[in-house]
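File shown: final.txt. Contents: compact mmCIF, C-alpha atoms.
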```txt
# COMPACT_ATOMS: atom_id res chain seq x y z
CA MET A 215 289.68 -12.27 53.12
CA LEU A 216 286.07 -13.23 53.56
CA GLU A 217 287.05 -14.86 56.84
CA GLU A 218 288.35 -11.50 58.02
CA ARG A 219 285.13 -9.78 56.98
CA LYS A 220 283.16 -12.35 58.89
CA ASN A 221 285.27 -11.62 61.97
CA ALA A 222 284.71 -7.93 61.33
CA LEU A 223 280.97 -8.49 61.13
CA GLU A 224 281.12 -10.37 64.42
CA ALA A 225 283.00 -7.44 65.95
CA LEU A 226 280.49 -4.95 64.54
CA LEU A 227 277.60 -6.90 66.02
CA PHE A 228 279.35 -6.90 69.37
CA VAL A 229 279.92 -3.15 69.33
CA ALA A 230 276.52 -2.24 67.90
CA GLY A 231 274.69 -4.01 70.72
CA GLY A 232 271.25 -3.52 69.17
CA PRO A 233 270.25 -4.61 65.69
CA LEU A 234 272.83 -3.83 63.02
CA ASP A 235 271.27 -2.92 59.72
CA ILE A 236 272.44 -5.19 56.89
CA ARG A 237 272.88 -2.31 54.47
CA GLN A 238 274.94 -0.40 56.98
CA ALA A 239 277.06 -3.48 57.64
CA ALA A 240 277.45 -3.94 53.87
CA THR A 241 278.78 -0.40 53.51
CA LEU A 242 281.17 -0.81 56.42
CA LEU A 243 282.47 -4.17 55.19
CA GLU A 244 282.46 -3.08 51.54
CA LEU A 245 280.55 -6.18 50.57
CA PRO A 246 277.23 -6.67 48.80
CA PRO A 247 274.30 -7.05 51.22
CA ASP A 248 273.69 -10.64 50.08
CA THR A 249 277.20 -11.63 51.11
CA VAL A 250 276.79 -9.93 54.48
CA GLU A 251 273.52 -11.78 54.93
CA GLU A 252 275.33 -15.03 54.16
CA LEU A 253 278.14 -14.21 56.62
CA ALA A 254 275.55 -13.34 59.28
CA ARG A 255 273.92 -16.73 58.75
CA GLN A 256 277.28 -18.47 59.08
CA LEU A 257 277.84 -16.61 62.34
CA MET A 258 274.39 -17.63 63.53
CA ASN A 259 275.37 -21.27 63.04
CA GLU A 260 278.72 -20.86 64.69
CA TYR A 261 277.06 -19.30 67.73
CA ALA A 262 274.41 -22.00 67.93
CA ALA A 263 276.10 -23.78 70.82
CA GLY A 264 277.31 -20.82 72.89
CA GLY A 265 275.93 -18.50 75.53
CA LEU A 266 275.42 -15.79 72.96
CA GLN A 267 273.29 -15.94 69.87
CA ILE A 268 272.96 -13.90 66.72
CA VAL A 269 269.39 -13.36 65.62
CA PRO A 270 267.58 -11.40 62.91
CA VAL A 271 265.79 -8.49 64.57
CA ALA A 272 264.15 -5.37 63.18
CA GLY A 273 265.55 -5.77 59.68
CA GLY A 274 269.09 -6.42 60.88
CA TYR A 275 271.03 -8.79 63.05
CA GLN A 276 271.87 -8.52 66.70
CA MET A 277 274.08 -10.29 69.16
CA CYS A 278 272.36 -11.16 72.41
CA THR A 279 272.23 -13.69 75.21
CA ARG A 280 270.20 -16.86 75.15
CA ASN A 281 266.78 -16.95 76.72
CA GLU A 282 267.71 -20.12 78.68
CA LEU A 283 270.39 -18.21 80.56
CA ALA A 284 268.06 -15.48 81.78
CA ASP A 285 268.12 -16.74 85.38
CA TYR A 286 271.85 -16.23 85.66
CA ILE A 287 271.73 -12.78 84.15
CA GLU A 288 268.81 -11.62 86.24
CA LYS A 289 270.81 -12.44 89.36
CA LEU A 290 273.44 -10.04 88.12
CA LEU A 291 270.99 -7.25 87.37
CA ALA A 292 269.68 -5.00 90.08
CA HIS A 293 266.05 -5.02 89.01
CA GLU A 294 263.69 -7.15 87.04
CA ARG A 295 262.54 -6.19 83.61
CA GLY A 296 259.02 -4.83 83.38
CA ARG A 297 256.24 -6.33 81.33
CA LEU A 298 253.37 -4.77 79.50
CA SER A 299 250.07 -4.82 81.36
CA ARG A 300 247.19 -6.69 79.78
CA ALA A 301 245.52 -3.47 78.73
CA ALA A 302 248.76 -2.31 77.14
CA MET A 303 249.31 -5.64 75.39
CA GLU A 304 245.79 -5.69 73.94
CA THR A 305 246.22 -2.17 72.64
CA MET A 306 249.67 -3.08 71.36
CA ALA A 307 248.22 -6.07 69.49
CA ILE A 308 245.46 -4.02 67.89
CA ILE A 309 247.94 -1.39 66.74
CA ALA A 310 250.43 -3.99 65.49
CA TYR A 311 247.87 -5.86 63.38
CA LYS A 312 245.64 -3.00 62.26
CA GLN A 313 248.16 -0.23 61.73
CA PRO A 314 247.76 2.51 60.76
CA VAL A 315 244.89 2.83 63.20
CA THR A 316 243.16 5.65 65.09
CA ARG A 317 242.45 5.82 68.79
CA ALA A 318 238.71 5.62 68.10
CA GLU A 319 239.20 2.40 66.11
CA ILE A 320 241.22 0.88 68.94
CA GLU A 321 238.61 1.88 71.49
CA ALA A 322 235.82 0.45 69.33
CA ILE A 323 237.50 -2.96 69.49
CA ARG A 324 238.47 -2.89 73.16
CA GLY A 325 235.28 -1.22 74.34
CA VAL A 326 237.17 1.02 76.75
CA ASN A 327 238.96 4.32 76.78
CA CYS A 328 242.57 3.88 75.66
CA ASP A 329 244.06 7.35 76.24
CA GLY A 330 246.33 6.33 79.08
CA VAL A 331 247.51 3.11 77.48
CA ILE A 332 248.32 4.79 74.17
CA GLU A 333 250.27 7.47 76.00
CA ARG A 334 252.30 4.86 77.90
CA LEU A 335 253.03 2.86 74.76
CA SER A 336 254.21 6.05 73.05
CA LEU A 337 256.36 6.88 76.04
CA HIS A 338 257.99 3.47 75.76
CA ARG A 339 258.42 4.18 72.04
CA LEU A 340 256.63 1.00 71.10
CA ILE A 341 254.20 3.01 68.99
CA LYS A 342 254.39 6.28 67.15
CA VAL A 343 252.21 8.69 65.21
CA VAL A 344 252.42 7.68 61.57
CA GLY A 345 250.05 10.20 60.06
CA ARG A 346 246.52 11.44 60.09
CA LYS A 347 243.43 9.79 58.70
CA ASP A 348 241.67 11.58 55.89
CA THR A 349 238.32 11.75 57.64
CA VAL A 350 236.46 14.32 59.69
CA GLY A 351 238.74 15.76 62.36
CA ARG A 352 241.80 14.21 60.73
CA PRO A 353 242.42 11.86 63.67
CA ILE A 354 245.95 10.70 64.46
CA LEU A 355 247.02 7.33 63.08
CA TYR A 356 249.27 5.09 65.16
CA GLY A 357 251.75 2.45 64.07
CA THR A 358 254.56 0.39 65.55
CA THR A 359 258.20 1.41 65.82
CA GLU A 360 261.57 -0.22 65.37
CA GLU A 361 261.73 -0.44 69.17
CA PHE A 362 258.57 -2.53 69.02
CA LEU A 363 260.35 -5.08 66.82
CA GLU A 364 263.33 -5.04 69.16
CA TYR A 365 261.16 -5.41 72.24
CA PHE A 366 259.52 -8.56 70.92
CA GLY A 367 262.52 -9.77 68.96
CA PHE A 368 260.69 -9.67 65.64
CA GLY A 369 262.73 -9.49 62.44
CA GLY A 370 259.92 -7.50 60.87
CA LEU A 371 256.15 -7.12 60.94
CA ASN A 372 255.90 -10.39 58.98
CA ASP A 373 257.14 -12.19 62.08
CA LEU A 374 253.98 -11.32 64.02
CA PRO A 375 252.11 -14.52 64.85
CA PRO A 376 249.11 -14.80 62.52
CA LEU A 377 246.01 -13.07 63.83
CA PRO A 378 243.37 -15.68 64.69
CA GLU A 379 240.69 -15.74 62.00
CA GLU A 380 237.20 -14.84 63.14
CA LYS A 381 235.95 -18.37 62.53
CA GLU A 382 238.93 -20.06 64.13
CA ALA A 383 238.86 -17.85 67.20
CA ASP A 384 236.48 -20.15 69.01
CA ASP A 385 238.39 -23.35 68.23
CA LYS A 386 241.65 -21.92 69.45
CA LYS A 387 240.12 -20.97 72.76
CA GLU A 388 241.45 -23.96 74.69
CA ALA A 389 244.93 -23.52 73.36
CA THR A 390 245.35 -19.90 74.35
CA ASP A 391 243.18 -19.47 77.42
CA GLU A 392 244.97 -19.68 80.73
CA MET B 168 237.36 -25.43 92.45
CA ASP B 169 233.70 -24.68 92.74
CA LEU B 170 232.64 -21.56 90.93
CA SER B 171 228.98 -21.29 91.79
CA GLU B 172 226.91 -18.75 89.93
CA ASN B 173 227.03 -16.00 92.50
CA VAL B 174 230.67 -16.24 93.41
CA CYS B 175 232.51 -13.64 91.50
CA ILE B 176 236.23 -13.62 91.62
CA ILE B 177 237.15 -10.02 91.43
CA ARG B 178 240.50 -9.11 90.21
CA LEU B 179 239.94 -5.75 88.68
CA ASP B 180 242.99 -5.85 86.50
CA ASP B 181 241.59 -9.09 85.13
CA PHE B 182 238.86 -7.26 83.30
CA GLU B 183 240.01 -4.74 80.82
CA GLY B 184 236.50 -3.69 79.91
CA PRO B 185 232.91 -4.79 79.47
CA LEU B 186 233.75 -6.98 76.48
CA ASP B 187 236.42 -8.73 78.48
CA LEU B 188 234.03 -9.28 81.37
CA LEU B 189 231.41 -10.67 78.97
CA LEU B 190 233.93 -13.06 77.44
CA HIS B 191 234.88 -14.22 80.90
CA LEU B 192 231.24 -14.87 81.84
CA ILE B 193 230.65 -16.67 78.54
CA ASN B 194 233.68 -18.89 79.04
CA ARG B 195 232.76 -19.62 82.62
CA SER B 196 229.31 -20.82 81.75
CA GLU B 197 230.62 -22.60 78.65
CA MET B 198 228.18 -20.73 76.49
CA ASP B 199 228.46 -20.67 72.72
CA ILE B 200 229.53 -17.20 71.79
CA GLN B 201 227.54 -17.37 68.54
CA ASN B 202 224.42 -18.29 70.42
CA LEU B 203 224.40 -16.01 73.44
CA GLN B 204 221.82 -16.81 76.07
CA MET B 205 220.87 -13.22 76.66
CA ALA B 206 218.82 -13.72 79.83
CA LYS B 207 221.55 -15.68 81.56
CA ILE B 208 224.45 -13.52 80.49
CA THR B 209 222.61 -10.29 81.32
CA THR B 210 221.82 -11.54 84.84
CA GLN B 211 225.41 -12.58 85.41
CA TYR B 212 226.70 -9.30 84.07
CA LEU B 213 224.37 -7.21 86.24
CA ASP B 214 225.22 -9.32 89.30
CA PHE B 215 228.81 -8.50 88.70
CA ILE B 216 228.13 -4.79 88.35
CA HIS B 217 226.04 -4.77 91.52
CA LEU B 218 228.78 -6.54 93.39
CA MET B 219 231.27 -3.95 92.26
CA GLU B 220 228.87 -1.25 93.46
CA GLU B 221 228.52 -2.93 96.84
CA LEU B 222 232.24 -3.10 97.16
CA ASN B 223 232.39 0.57 96.32
CA ILE B 224 234.55 -0.10 93.34
CA ASN B 225 234.44 2.69 90.83
CA ILE B 226 232.74 1.36 87.76
CA ALA B 227 233.90 2.77 84.48
CA ALA B 228 231.09 4.28 82.44
CA GLU B 229 231.73 1.74 79.68
CA PHE B 230 230.51 -1.06 81.97
CA LEU B 231 227.20 0.72 82.51
CA VAL B 232 226.75 1.42 78.82
CA MET B 233 227.18 -2.29 78.16
CA ALA B 234 224.67 -3.13 80.90
CA ALA B 235 222.12 -0.93 79.16
CA GLU B 236 222.93 -2.53 75.82
CA LEU B 237 222.47 -6.04 77.24
CA LEU B 238 219.09 -5.09 78.68
CA ARG B 239 218.05 -3.55 75.38
CA ILE B 240 218.95 -6.70 73.43
CA LYS B 241 217.33 -8.94 76.00
CA SER B 242 214.04 -7.01 75.90
CA LYS B 243 214.13 -6.87 72.14
CA MET B 244 214.38 -10.64 71.98
CA LEU B 245 211.34 -11.00 74.20
CA LEU B 246 209.21 -8.99 71.81
CA PRO B 247 207.86 -10.57 68.64
CA PRO B 248 209.98 -9.32 65.75
CA ASP B 249 208.62 -6.37 63.89
CA LYS B 250 207.88 -7.39 60.31
CA GLU B 251 209.53 -4.31 58.88
CA ASP B 252 212.54 -4.83 61.10
CA LEU B 253 213.03 -8.29 59.69
CA GLN B 254 214.24 -6.68 56.46
CA MET B 255 217.42 -5.73 58.19
CA ALA B 256 219.78 -8.52 59.16
CA GLU B 257 220.69 -6.77 62.37
CA GLU B 258 217.09 -6.72 63.49
CA ALA B 259 216.55 -10.37 62.63
CA ASP B 260 218.85 -11.20 65.51
CA PRO B 261 219.35 -8.32 67.95
CA ARG B 262 222.43 -10.07 69.30
CA GLN B 263 224.28 -9.92 66.03
CA MET B 264 226.14 -6.66 66.58
CA LEU B 265 227.21 -7.67 70.07
CA VAL B 266 228.38 -11.10 68.93
CA ALA B 267 230.41 -9.52 66.14
CA ARG B 268 232.06 -7.14 68.60
CA LEU B 269 232.83 -9.96 71.00
CA MET B 270 234.37 -12.08 68.25
CA GLU B 271 236.49 -9.19 67.03
CA TYR B 272 237.67 -8.38 70.54
CA LYS B 273 238.42 -12.05 71.17
CA ARG B 274 240.73 -12.21 68.17
CA TYR B 275 242.85 -9.36 69.47
CA LYS B 276 242.75 -10.65 73.01
CA GLU B 277 244.20 -13.91 71.76
CA ALA B 278 246.73 -12.09 69.63
CA ALA B 279 247.74 -10.17 72.76
CA GLN B 280 248.18 -13.44 74.62
CA ALA B 281 250.45 -14.74 71.88
CA MET B 282 252.43 -11.51 72.05
CA SER B 283 252.69 -11.80 75.82
CA ALA B 284 254.16 -15.26 75.38
CA ARG B 285 256.65 -13.81 72.92
CA GLU B 286 257.44 -11.01 75.38
CA ALA B 287 258.05 -13.53 78.17
CA GLU B 288 260.39 -15.48 75.92
CA TRP B 289 262.27 -12.45 74.65
CA ARG B 290 262.48 -10.89 78.09
CA GLY B 291 265.20 -13.36 78.94
CA VAL B 292 267.31 -12.23 76.02
CA PHE B 293 269.77 -9.50 76.83
CA VAL B 294 271.56 -7.15 74.51
CA ARG B 295 274.58 -5.13 75.44
CA HIS B 296 273.82 -1.47 75.73
CA PRO B 297 274.91 -0.13 72.39
CA LEU B 298 277.90 2.13 72.54
CA GLU B 299 277.24 5.65 71.40
CA LEU B 300 277.96 4.98 67.75
CA GLU B 301 277.93 8.67 67.00
CA GLU B 302 280.86 9.15 69.33
CA LEU B 303 282.68 6.18 67.94
CA ARG B 304 282.38 7.03 64.28
CA PRO B 305 285.82 8.10 63.17
CA ALA B 306 286.31 11.81 62.63
CA ILE B 307 284.79 13.04 59.42
CA SER B 308 288.02 14.43 58.09
CA PRO B 309 291.56 13.82 59.26
CA GLY B 310 292.81 16.17 61.91
CA ILE B 311 289.42 16.86 63.41
CA ALA B 312 289.90 15.58 66.88
CA GLU B 313 286.91 16.45 68.93
CA ALA B 314 283.23 16.80 68.61
CA LEU B 315 282.23 19.90 70.48
CA SER B 316 279.97 20.53 73.35
CA VAL B 317 277.44 23.31 73.40
CA PHE B 318 279.76 25.17 75.75
CA ASP B 319 282.56 25.26 73.20
CA LEU B 320 280.11 26.70 70.72
CA LEU B 321 278.92 29.28 73.19
CA GLU B 322 282.51 30.36 73.80
CA ALA B 323 283.10 30.80 70.10
CA PHE B 324 279.82 32.62 69.97
CA GLN B 325 281.05 34.95 72.69
CA ARG B 326 284.17 35.77 70.67
CA VAL B 327 282.08 36.69 67.65
CA LEU B 328 279.82 38.72 69.87
CA GLU B 329 282.77 40.82 70.98
CA ASN B 330 283.02 42.15 67.44
CA ALA B 331 279.36 42.77 67.19
CA VAL B 332 277.82 46.03 66.22
CA ASP B 333 275.45 47.12 68.90
CA ASP B 334 272.04 47.26 67.29
CA GLU B 335 270.82 49.98 69.58
CA THR B 336 273.29 52.49 68.23
CA ASP B 337 272.54 51.74 64.62
CA ASP B 338 268.90 52.29 63.91
CA GLU B 339 269.08 51.60 60.22
CA LYS B 340 270.70 48.23 60.66
CA ARG B 341 268.37 47.21 63.41
CA ILE B 342 265.34 47.61 61.23
CA SER B 343 266.79 45.49 58.46
CA ARG B 344 268.09 42.77 60.79
CA ASP B 345 264.77 42.51 62.51
CA GLU B 346 263.40 40.60 59.59
CA ILE B 347 265.84 37.70 59.69
CA THR B 348 264.18 34.64 61.10
CA VAL B 349 265.88 31.51 62.39
CA GLU B 350 264.35 29.55 59.49
CA GLN B 351 265.93 31.92 56.97
CA ARG B 352 269.26 31.58 58.72
CA VAL B 353 268.97 27.80 58.66
CA ASP B 354 268.55 27.96 54.89
CA LEU B 355 271.42 30.41 54.60
CA VAL B 356 273.78 28.28 56.69
CA LEU B 357 272.91 25.19 54.67
CA ALA B 358 273.42 27.09 51.42
CA ARG B 359 276.82 28.34 52.57
CA LEU B 360 277.80 24.81 53.62
CA HIS B 361 276.79 23.36 50.26
CA ARG B 362 278.77 26.04 48.45
CA SER B 363 281.91 25.29 50.48
CA ASP B 364 281.90 21.49 50.13
CA GLY B 365 280.05 20.90 53.37
CA ARG B 366 282.64 22.55 55.57
CA ILE B 367 282.94 26.10 56.85
CA SER B 368 284.50 27.76 59.85
CA PHE B 369 282.16 29.04 62.49
CA ARG B 370 283.63 32.54 62.24
CA HIS B 371 282.99 32.75 58.51
CA LEU B 372 279.29 32.26 58.95
CA PHE B 373 279.16 35.83 60.21
CA SER B 374 279.87 39.05 58.41
CA ASP B 375 282.91 41.02 59.59
CA ARG B 376 280.95 43.34 61.81
CA PRO B 377 277.76 41.47 62.46
CA ALA B 378 274.87 42.89 64.40
CA ARG B 379 274.01 41.21 67.69
CA ARG B 380 270.71 40.05 66.32
CA GLU B 381 272.38 38.44 63.31
CA ILE B 382 274.75 36.57 65.62
CA ILE B 383 272.02 35.35 67.89
CA VAL B 384 269.82 34.20 65.03
CA THR B 385 272.79 32.47 63.40
CA LEU B 386 273.67 30.66 66.60
CA LEU B 387 270.07 29.52 67.02
CA ALA B 388 270.10 28.30 63.43
CA ILE B 389 273.31 26.33 64.04
CA LEU B 390 271.98 24.78 67.24
CA GLU B 391 268.78 23.87 65.44
CA LEU B 392 270.74 22.20 62.61
CA ILE B 393 272.87 20.29 65.11
CA ARG B 394 269.78 19.16 66.96
CA LYS B 395 268.21 17.96 63.74
CA ARG B 396 271.49 16.21 62.93
CA TYR B 397 272.07 18.00 59.65
CA ILE B 398 275.41 19.34 60.74
CA MET B 399 278.03 18.82 63.39
CA ALA B 400 280.65 21.07 64.89
CA ALA B 401 284.25 20.06 65.49
CA GLN B 402 287.55 21.69 66.22
CA GLU B 403 291.06 20.63 65.34
CA LYS B 404 292.61 21.32 68.69
CA CYS B 405 291.55 22.78 71.99
CA PHE B 406 290.54 26.43 71.59
CA GLY B 407 291.16 26.09 67.87
CA GLU B 408 288.97 27.31 65.11
CA ILE B 409 285.53 25.73 65.23
CA GLU B 410 284.34 24.23 62.01
CA ILE B 411 280.84 23.33 60.98
CA PHE B 412 280.33 20.21 58.89
CA LEU B 413 277.42 19.06 56.89
CA ARG B 414 276.76 15.45 57.91
CA GLU B 415 277.88 13.05 55.23
CA GLU B 416 274.42 11.88 54.36
CA TYR B 417 273.50 15.43 53.31
CA VAL B 418 276.67 16.40 51.49
CA ASN B 419 275.21 15.61 48.10
CA ALA B 420 271.63 16.27 49.01
```
How does this structure look as structure tokens?
Amino acid sequence: MLEERKNALEALLFVAGGPLDIRQAATLLELPPDTVEELARQLMNEYAAGGLQIVPVAGGYQMCTRNELADYIEKLLAHERGRLSRAAMETMAIIAYKQPVTRAEIEAIRGVNCDGVIERLSLHRLIKVVGRKDTVGRPILYGTTEEFLEYFGFGGLNDLPPLPEEKEADDKKEATDE
Amino acid sequence: MDLSENVCIIRLDDFEGPLDLLLHLINRSEMDIQNLQMAKITTQYLDFIHLMEELNINIAAEFLVMAAELLRIKSKMLLPPDKEDLQMAEEADPRQMLVARLMEYKRYKEAAQAMSAREAEWRGVFVRHPLELEELRPAISPGIAEALSVFDLLEAFQRVLENAVDDETDDEKRISRDEITVEQRVDLVLARLHRSDGRISFRHLFSDRPARREIIVTLLAILELIRKRYIMAAQEKCFGEIEIFLREEYVNA
């Protein structure tokens, strides 16, 4: 019985494409979320050796290809995937770590105008308006979206690499500088 | 590679702003960020700005503001410290604010680099395009075959409209109907749906001889509710009666 549910979960992951929410899967499979979580982990192990993998993303699980096989897939696809520009990535990082954050706060850190970058990130749905700050002018507050987690393959915001501490920043220079 | 002092490698997209340029200059001359050599860094920075000017590159205002700030700090350090100023930490070392900003920016720049690495890694991971789950979800109740397009709704709308009372010929009615807003209709439609177990036929949302305005406002309300995903419309068979359903998640709301 449980074996069938596991197969069903596998099928659901295939059909869903993107991340499948554990609670939704639990409802569909009529199983407690913990059991679904356990089945998902079993599937992850079973897929460990194949061309596909099952990974925790954005609070759920998703079936996707392996990074190592990207070359083969890219040959099949008509165009290359885009990347975020450096300006966009810096802004993205500030929003991800400091959210909720206003445009003025982002600009104070980057030292440049961020209008265009924020607009592009919103357009790509990597960020969204999450509210307004209770200060003069009630400026808009930005935060990250589910698409952000999917884009970077993060299970949740806890998966963000730790922000370098102010003191450590200098020591880590060699490691991160190109 | 020899990077002598006055050779500036200009790749504009390399420098995201004055802080980034400063960090670059600091790294290049292996300067300690906590102990900025203001004279040296200011000269390098201004050289860079002048070069950009010579090359007719548009310089963002932020770069010039920073140039002014560097000059201000540099001159302040040349002057003997004002005794009163010494009270304030910031005045004890005029560089302090700038160093703090640079450190803060550096943290996020490094975080961005880590995220870029993650992006590069995850870029090679492909997901199937999700099927339209909404279309796949089995019909809400048995016998409801098709989700409807806007055109089906408009056709049904046309049929109701045929029975409409022409507002223009009925002054009294027109005045009363004028006051119905789409928002009020939205509430009314939702109330009717809740009263009839989340399911009602399109036709029954209208009175027997509705005024044109009532019909139009009702249709707008229905379209609005569909757009906001509160309700969906379906019909049992082609050209059959159209029914409006409250989406499951709102049935008990």
Using all atoms listed in the file, find each residue in chain B having at least one atom no more than 6 Å away from chain A; report its shortest atom-to-atom pair and that distance in Å (one decimal), rows by chain then rising number, as JSON lines.
```
{"residue": "B:Gly184", "atom": "CA", "partner": "A:Val326", "partner_atom": "CA", "distance": 5.7}
{"residue": "B:Tyr272", "atom": "CA", "partner": "A:Ile323", "partner_atom": "CA", "distance": 5.5}
{"residue": "B:Arg274", "atom": "CA", "partner": "A:Pro378", "partner_atom": "CA", "distance": 5.6}
{"residue": "B:Lys276", "atom": "CA", "partner": "A:Glu304", "partner_atom": "CA", "distance": 5.9}
{"residue": "B:Ala278", "atom": "CA", "partner": "A:Leu377", "partner_atom": "CA", "distance": 5.9}
{"residue": "B:Ala279", "atom": "CA", "partner": "A:Glu304", "partner_atom": "CA", "distance": 5.0}
{"residue": "B:Glu286", "atom": "CA", "partner": "A:Phe366", "partner_atom": "CA", "distance": 5.5}
{"residue": "B:Gly291", "atom": "CA", "partner": "A:Asn281", "partner_atom": "CA", "distance": 4.5}
{"residue": "B:Val292", "atom": "CA", "partner": "A:Asn281", "partner_atom": "CA", "distance": 4.8}
{"residue": "B:Phe293", "atom": "CA", "partner": "A:Thr279", "partner_atom": "CA", "distance": 5.1}
{"residue": "B:Val294", "atom": "CA", "partner": "A:Cys278", "partner_atom": "CA", "distance": 4.6}
{"residue": "B:Arg295", "atom": "CA", "partner": "A:Gly231", "partner_atom": "CA", "distance": 4.9}
{"residue": "B:His296", "atom": "CA", "partner": "A:Gly231", "partner_atom": "CA", "distance": 5.7}
{"residue": "B:Pro297", "atom": "CA", "partner": "A:Gly231", "partner_atom": "CA", "distance": 4.2}
```
Contacts of segment 187-189 of chain B at 12 Å or less, counting all atoms listed in the file, minus same-chain residues fewer than 4 places along, as a PyMOL selection string? (chain A and resi 300-301+304+323-326) or (chain B and resi 175-183+193-198+200+203-205+207-216+229-230+233-234+237+265-266+268-277)
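What separates atom CA of Glu381 of chain B from atom CA of Phe324 of chain B is a distance of 11.6 Å.
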What gap, in Å, lies between atom CA of Glu236 of chain B and atom CA of Met264 of chain B? 10.6 Å
Which residues come within 12 Å of Ile383 of chain B, counting all atoms listed in the file, excluding same-chain residues fewer than 3 positions away, as a short mmCIF file (atom, residue, chain, number, x, y, z; two decimals) with C-alpha atoms, in the coordinates of the input?
```cif
data_model
loop_
_atom_site.label_atom_id
_atom_site.label_comp_id
_atom_site.auth_asym_id
_atom_site.auth_seq_id
_atom_site.Cartn_x
_atom_site.Cartn_y
_atom_site.Cartn_z
CA LEU B 321 278.92 29.28 73.19
CA PHE B 324 279.82 32.62 69.97
CA GLN B 325 281.05 34.95 72.69
CA VAL B 327 282.08 36.69 67.65
CA LEU B 328 279.82 38.72 69.87
CA ALA B 331 279.36 42.77 67.19
CA ASP B 334 272.04 47.26 67.29
CA ARG B 344 268.09 42.77 60.79
CA ASP B 345 264.77 42.51 62.51
CA ILE B 347 265.84 37.70 59.69
CA THR B 348 264.18 34.64 61.10
CA VAL B 349 265.88 31.51 62.39
CA ARG B 352 269.26 31.58 58.72
CA LEU B 372 279.29 32.26 58.95
CA PHE B 373 279.16 35.83 60.21
CA PRO B 377 277.76 41.47 62.46
CA ALA B 378 274.87 42.89 64.40
CA ARG B 379 274.01 41.21 67.69
CA ARG B 380 270.71 40.05 66.32
CA LEU B 386 273.67 30.66 66.60
CA LEU B 387 270.07 29.52 67.02
CA ALA B 388 270.10 28.30 63.43
CA ILE B 389 273.31 26.33 64.04
CA LEU B 390 271.98 24.78 67.24
#
```
Which residue, A:Thr358, A:Gln256, A:Ser336, A:Thr349, has the smallest gap to Leu216 of chain A when you use only C-alpha atoms? A:Gln256
Which residue gives the smallest distance to Arg317 of chain A among A:Pro353, A:Gly273, A:Gly345, A:Pro246, with only C-alpha atoms counted?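 Of A:Pro353, A:Gly273, A:Gly345, A:Pro246, the one nearest Arg317 of chain A, counting only C-alpha atoms, is A:Pro353.
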Can you tell me how far atom CA of Gly369 of chain A sits from atom CA of Pro270 of chain A, in Å to one decimal? 5.2 Å
Would you list the contacts of segment 391-394 of chain B as a short mmCIF file (atom, residue, chain, number, x, y, z; two decimals) with C-alpha atoms, in the coordinates of the input, taking every protein, DNA or RNA residue within 10 Å and counting all atoms listed in the file, but skipping same-chain residues closer than 6 positions in sequence?
```cif
data_model
loop_
_atom_site.label_atom_id
_atom_site.label_comp_id
_atom_site.auth_asym_id
_atom_site.auth_seq_id
_atom_site.Cartn_x
_atom_site.Cartn_y
_atom_site.Cartn_z
CA VAL B 317 277.44 23.31 73.40
CA VAL B 349 265.88 31.51 62.39
CA GLU B 350 264.35 29.55 59.49
CA VAL B 353 268.97 27.80 58.66
CA ASP B 354 268.55 27.96 54.89
CA VAL B 356 273.78 28.28 56.69
CA LEU B 357 272.91 25.19 54.67
CA THR B 385 272.79 32.47 63.40
CA ALA B 400 280.65 21.07 64.89
CA ILE B 411 280.84 23.33 60.98
CA PHE B 412 280.33 20.21 58.89
CA LEU B 413 277.42 19.06 56.89
CA ARG B 414 276.76 15.45 57.91
#
```
